[in-house]
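Colleague: For reference, the file protein_14.pdb (PDB, C-alpha atoms, pLDDT in the B column) is included below:
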MODEL        1
ATOM      1  CA  MET A  14     -62.762 -26.379 -27.364  1.00 62.00           C
ATOM      2  CA  MET A  15     -60.405 -24.005 -25.701  1.00 67.00           C
ATOM      3  CA  PHE A  16     -59.264 -24.777 -22.186  1.00 75.00           C
ATOM      4  CA  LYS A  17     -59.482 -22.285 -19.369  1.00 75.00           C
ATOM      5  CA  LYS A  18     -55.937 -21.295 -18.470  1.00 76.00           C
ATOM      6  CA  GLY A  19     -56.239 -21.774 -14.680  1.00 81.00           C
ATOM      7  CA  SER A  20     -55.333 -25.459 -14.722  1.00 83.00           C
ATOM      8  CA  PHE A  21     -52.256 -24.676 -16.754  1.00 86.00           C
ATOM      9  CA  GLU A  22     -50.968 -21.904 -14.482  1.00 85.00           C
ATOM     10  CA  VAL A  23     -50.426 -23.908 -11.313  1.00 84.00           C
ATOM     11  CA  GLY A  24     -47.603 -26.035 -12.676  1.00 78.00           C
ATOM     12  CA  GLY A  25     -47.266 -29.772 -12.495  1.00 82.00           C
ATOM     13  CA  ARG A  26     -48.050 -32.371 -15.093  1.00 90.00           C
ATOM     14  CA  ILE A  27     -51.074 -32.472 -17.344  1.00 92.00           C
ATOM     15  CA  TYR A  28     -52.332 -35.910 -18.348  1.00 94.00           C
ATOM     16  CA  PRO A  29     -54.225 -35.287 -21.606  1.00 94.00           C
ATOM     17  CA  VAL A  30     -56.972 -37.604 -22.789  1.00 94.00           C
ATOM     18  CA  ALA A  31     -58.513 -37.469 -26.254  1.00 92.00           C
ATOM     19  CA  ILE A  32     -62.099 -38.690 -26.493  1.00 90.00           C
ATOM     20  CA  LYS A  33     -63.663 -38.984 -29.923  1.00 88.00           C
ATOM     21  CA  TYR A  34     -67.255 -40.089 -30.287  1.00 86.00           C
ATOM     22  CA  ASP A  35     -68.320 -42.349 -33.129  1.00 83.00           C
ATOM     23  CA  PRO A  36     -71.676 -40.952 -34.334  1.00 79.00           C
ATOM     24  CA  ARG A  37     -72.651 -44.048 -36.358  1.00 82.00           C
ATOM     25  CA  PHE A  38     -74.799 -45.453 -33.548  1.00 77.00           C
ATOM     26  CA  GLY A  39     -75.772 -42.302 -31.685  1.00 75.00           C
ATOM     27  CA  ASP A  40     -74.460 -38.776 -31.572  1.00 76.00           C
ATOM     28  CA  PRO A  41     -73.914 -37.555 -27.998  1.00 82.00           C
ATOM     29  CA  PHE A  42     -73.518 -33.917 -29.037  1.00 79.00           C
ATOM     30  CA  TRP A  43     -76.145 -31.719 -27.413  1.00 78.00           C
ATOM     31  CA  ASN A  44     -76.915 -28.446 -29.095  1.00 77.00           C
ATOM     32  CA  SER A  45     -78.720 -26.830 -26.202  1.00 79.00           C
ATOM     33  CA  SER A  46     -79.772 -23.867 -28.345  1.00 79.00           C
ATOM     34  CA  LYS A  47     -81.829 -26.193 -30.583  1.00 83.00           C
ATOM     35  CA  ASN A  48     -83.016 -28.981 -28.272  1.00 85.00           C
ATOM     36  CA  GLY A  49     -84.067 -29.035 -24.663  1.00 89.00           C
ATOM     37  CA  TYR A  50     -82.565 -31.302 -22.047  1.00 88.00           C
ATOM     38  CA  MET A  51     -85.492 -33.758 -22.036  1.00 91.00           C
ATOM     39  CA  TYR A  52     -85.237 -34.219 -25.809  1.00 89.00           C
ATOM     40  CA  TYR A  53     -81.504 -34.814 -25.491  1.00 87.00           C
ATOM     41  CA  LEU A  54     -82.013 -37.267 -22.635  1.00 88.00           C
ATOM     42  CA  LEU A  55     -84.603 -39.203 -24.638  1.00 89.00           C
ATOM     43  CA  MET A  56     -82.298 -39.235 -27.665  1.00 85.00           C
ATOM     44  CA  MET A  57     -79.432 -40.625 -25.558  1.00 84.00           C
ATOM     45  CA  MET A  58     -81.578 -43.249 -23.869  1.00 86.00           C
ATOM     46  CA  THR A  59     -83.013 -44.520 -27.161  1.00 85.00           C
ATOM     47  CA  SER A  60     -79.790 -44.512 -29.194  1.00 82.00           C
ATOM     48  CA  TRP A  61     -78.363 -47.868 -30.152  1.00 82.00           C
ATOM     49  CA  ALA A  62     -75.077 -47.194 -28.405  1.00 84.00           C
ATOM     50  CA  ILE A  63     -72.719 -44.406 -27.499  1.00 85.00           C
ATOM     51  CA  VAL A  64     -69.353 -45.453 -28.855  1.00 88.00           C
ATOM     52  CA  CYS A  65     -66.220 -43.484 -28.210  1.00 88.00           C
ATOM     53  CA  HIS A  66     -62.517 -43.967 -28.660  1.00 90.00           C
ATOM     54  CA  VAL A  67     -60.385 -42.925 -25.701  1.00 94.00           C
ATOM     55  CA  TYR A  68     -56.693 -42.139 -26.158  1.00 95.00           C
ATOM     56  CA  TYR A  69     -54.429 -41.561 -23.165  1.00 96.00           C
ATOM     57  CA  LEU A  70     -51.583 -39.286 -24.182  1.00 96.00           C
ATOM     58  CA  PRO A  71     -48.183 -38.982 -22.488  1.00 96.00           C
ATOM     59  CA  PRO A  72     -47.961 -36.494 -19.608  1.00 96.00           C
ATOM     60  CA  MET A  73     -47.082 -32.940 -20.609  1.00 95.00           C
ATOM     61  CA  VAL A  74     -45.195 -30.306 -18.632  1.00 93.00           C
ATOM     62  CA  LYS A  75     -45.115 -26.556 -19.146  1.00 92.00           C
ATOM     63  CA  ASN A  76     -41.913 -25.395 -20.830  1.00 91.00           C
ATOM     64  CA  GLU A  77     -39.682 -22.951 -19.002  1.00 89.00           C
ATOM     65  CA  ASN A  78     -40.609 -19.778 -20.915  1.00 90.00           C
ATOM     66  CA  GLU A  79     -44.097 -20.868 -21.954  1.00 90.00           C
ATOM     67  CA  SER A  80     -47.184 -18.966 -20.810  1.00 90.00           C
ATOM     68  CA  ALA A  81     -50.190 -20.798 -19.387  1.00 88.00           C
ATOM     69  CA  VAL A  82     -52.194 -19.889 -22.489  1.00 87.00           C
ATOM     70  CA  ASP A  83     -49.528 -21.252 -24.831  1.00 90.00           C
ATOM     71  CA  PHE A  84     -49.226 -24.420 -22.754  1.00 91.00           C
ATOM     72  CA  ALA A  85     -52.999 -24.917 -22.903  1.00 89.00           C
ATOM     73  CA  LYS A  86     -52.916 -24.429 -26.691  1.00 90.00           C
ATOM     74  CA  ARG A  87     -50.095 -26.954 -27.025  1.00 92.00           C
ATOM     75  CA  VAL A  88     -51.979 -29.565 -24.984  1.00 93.00           C
ATOM     76  CA  LYS A  89     -55.178 -28.910 -26.951  1.00 91.00           C
ATOM     77  CA  ALA A  90     -53.267 -29.288 -30.229  1.00 92.00           C
ATOM     78  CA  GLU A  91     -51.912 -32.679 -29.132  1.00 94.00           C
ATOM     79  CA  ILE A  92     -55.373 -33.863 -28.127  1.00 93.00           C
ATOM     80  CA  ALA A  93     -56.822 -32.720 -31.463  1.00 91.00           C
ATOM     81  CA  LYS A  94     -53.995 -34.379 -33.385  1.00 92.00           C
ATOM     82  CA  ARG A  95     -54.424 -37.721 -31.598  1.00 93.00           C
ATOM     83  CA  GLY A  96     -58.204 -37.633 -31.906  1.00 88.00           C
ATOM     84  CA  GLY A  97     -58.032 -36.816 -35.610  1.00 87.00           C
ATOM     85  CA  LEU A  98     -59.793 -33.494 -35.042  1.00 83.00           C
ATOM     86  CA  VAL A  99     -59.201 -30.049 -36.450  1.00 82.00           C
ATOM     87  CA  ASP A 100     -57.419 -27.791 -33.961  1.00 83.00           C
ATOM     88  CA  LEU A 101     -59.449 -24.589 -33.939  1.00 78.00           C
ATOM     89  CA  GLU A 102     -59.290 -21.625 -31.607  1.00 76.00           C
ATOM     90  CA  TRP A 103     -62.812 -21.178 -30.332  1.00 69.00           C
ATOM     91  CA  ASP A 104     -64.558 -21.285 -27.018  1.00 63.00           C
ATOM     92  CA  GLY A 105     -67.535 -23.480 -27.899  1.00 62.00           C
ATOM     93  CA  GLN A 106     -69.951 -20.586 -28.278  1.00 64.00           C
ATOM     94  CA  LEU A 107     -70.052 -20.546 -32.083  1.00 61.00           C
ATOM     95  CA  LYS A 108     -73.196 -22.654 -32.005  1.00 61.00           C
ATOM     96  CA  ARG A 109     -74.953 -19.747 -30.277  1.00 67.00           C
ATOM     97  CA  MET A 110     -73.399 -16.801 -32.105  1.00 72.00           C
ATOM     98  CA  GLN A 111     -72.930 -15.645 -35.666  1.00 76.00           C
ATOM     99  CA  VAL A 112     -69.464 -16.154 -37.074  1.00 75.00           C
ATOM    100  CA  LYS A 113     -67.549 -12.887 -37.311  1.00 80.00           C
ATOM    101  CA  ALA A 114     -67.273 -11.525 -40.849  1.00 85.00           C
ATOM    102  CA  GLU A 115     -63.484 -11.250 -40.610  1.00 87.00           C
ATOM    103  CA  TRP A 116     -63.232 -14.949 -39.678  1.00 82.00           C
ATOM    104  CA  LYS A 117     -65.295 -15.875 -42.734  1.00 85.00           C
ATOM    105  CA  GLU A 118     -63.134 -13.677 -44.937  1.00 88.00           C
ATOM    106  CA  GLN A 119     -59.955 -15.188 -43.529  1.00 88.00           C
ATOM    107  CA  GLN A 120     -61.189 -18.730 -44.219  1.00 86.00           C
ATOM    108  CA  GLN A 121     -62.361 -17.758 -47.708  1.00 87.00           C
ATOM    109  CA  HIS A 122     -58.945 -16.255 -48.426  1.00 88.00           C
ATOM    110  CA  GLU A 123     -57.172 -19.401 -47.178  1.00 85.00           C
ATOM    111  CA  TYR A 124     -59.459 -21.616 -49.239  1.00 85.00           C
ATOM    112  CA  SER A 125     -58.991 -19.527 -52.372  1.00 85.00           C
ATOM    113  CA  LYS A 126     -55.213 -19.963 -52.072  1.00 82.00           C
ATOM    114  CA  ARG A 127     -55.667 -23.744 -52.056  1.00 81.00           C
ATOM    115  CA  ILE A 128     -57.893 -23.921 -55.130  1.00 82.00           C
ATOM    116  CA  LYS A 129     -56.211 -21.221 -57.180  1.00 66.00           C
ATOM    117  CA  ILE A 130     -55.870 -22.408 -60.761  1.00 67.00           C
ATOM    118  CA  GLU A 131     -53.204 -20.952 -62.969  1.00 60.00           C
TER     119      GLU A 131
ENDMDL
END
Starting from the file, lay out its structure as structure tokens.
Modeller:
Amino acid sequence: MMFKKGSFEVGGRIYPVAIKYDPRFGDPFWNSSKNGYMYYLLMMMTSWAIVCHVYYLPPMVKNENESAVDFAKRVKAEIAKRGGLVDLEWDGQLKRMQVKAEWKEQQQHEYSKRIKIE
């Protein structure tokens, strides 16, 4: 998910932490648009275990000419890289909204370049 830029504007060090859940025993993801809180709570309480891997990354500092937004993106990219996740630019609301047509087209175009047979 994208970070809000406020924490990255004040200066200082950021101590990133990557947390990746292992869904083999129980998936802690809550899609609040599909399931209510009580269902989610019951699912969490009855799951075998909630297993996650926690990675503490080295402290990061904003570069001299770097904007707060760019710094936040850089930190997010490092967290995604360490957690073995795909670094996407989205705000977490895709589960509640339709994907924009131009985003679909862009991904289709990128995919077609990868599988192009000559």
Colleague: Kindly list the centre and edge lengths in Å, rounded to one decimal, for the axis-aligned box that covers all listed atoms of stretch 77-81 of chain A plus 3 Å on each of its six sides, as JSON.
Modeller:
{"center_x": -44.9, "center_y": -21.0, "center_z": -20.5, "size_x": 16.5, "size_y": 10.0, "size_z": 9.0}
Colleague: Could you check which of A:Val30, A:Met57, A:Met110, A:Val23 is closest to A:Pro71, using all atoms listed in the file?
Modeller: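 Nearest candidate to A:Pro71 out of A:Val30, A:Met57, A:Met110, A:Val23: A:Val30.
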Colleague: Please write as number ranges by chain the full residue list that the PyMOL selection byres ((chain A and resi 76-92) around 10) yields on this file.
Modeller: A: 14-24, 27-33, 68-75, 93-102
Colleague: Please evaluate the PyMOL selection byres ((chain A and resi 58-63) around 10) against the displayed coordinates and give the resulting residues as an mmCIF file with C-alpha atoms, keeping the file's coordinate frame.
Modeller:
data_model
loop_
_atom_site.group_PDB
_atom_site.id
_atom_site.type_symbol
_atom_site.label_atom_id
_atom_site.label_comp_id
_atom_site.auth_asym_id
_atom_site.auth_seq_id
_atom_site.Cartn_x
_atom_site.Cartn_y
_atom_site.Cartn_z
ATOM 1 C CA TYR A 34 -67.255 -40.089 -30.287
ATOM 2 C CA ASP A 35 -68.320 -42.349 -33.129
ATOM 3 C CA PRO A 36 -71.676 -40.952 -34.334
ATOM 4 C CA ARG A 37 -72.651 -44.048 -36.358
ATOM 5 C CA PHE A 38 -74.799 -45.453 -33.548
ATOM 6 C CA GLY A 39 -75.772 -42.302 -31.685
ATOM 7 C CA ASP A 40 -74.460 -38.776 -31.572
ATOM 8 C CA PRO A 41 -73.914 -37.555 -27.998
ATOM 9 C CA TYR A 52 -85.237 -34.219 -25.809
ATOM 10 C CA TYR A 53 -81.504 -34.814 -25.491
ATOM 11 C CA LEU A 54 -82.013 -37.267 -22.635
ATOM 12 C CA LEU A 55 -84.603 -39.203 -24.638
ATOM 13 C CA MET A 56 -82.298 -39.235 -27.665
ATOM 14 C CA MET A 57 -79.432 -40.625 -25.558
ATOM 15 C CA VAL A 64 -69.353 -45.453 -28.855
ATOM 16 C CA CYS A 65 -66.220 -43.484 -28.210
#
Colleague: Work out how far atom CA of A:Lys113 is from atom CA of A:Phe42, in Å to one decimal.
Modeller: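 Spanning atom CA of A:Phe42 to atom CA of A:Lys113 is a straight-line distance of 23.4 Å.
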Colleague: How many Å separate atom CA of A:Lys117 from atom CA of A:Trp43?
Modeller: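 Atom CA of A:Trp43 lies 24.6 Å from atom CA of A:Lys117.
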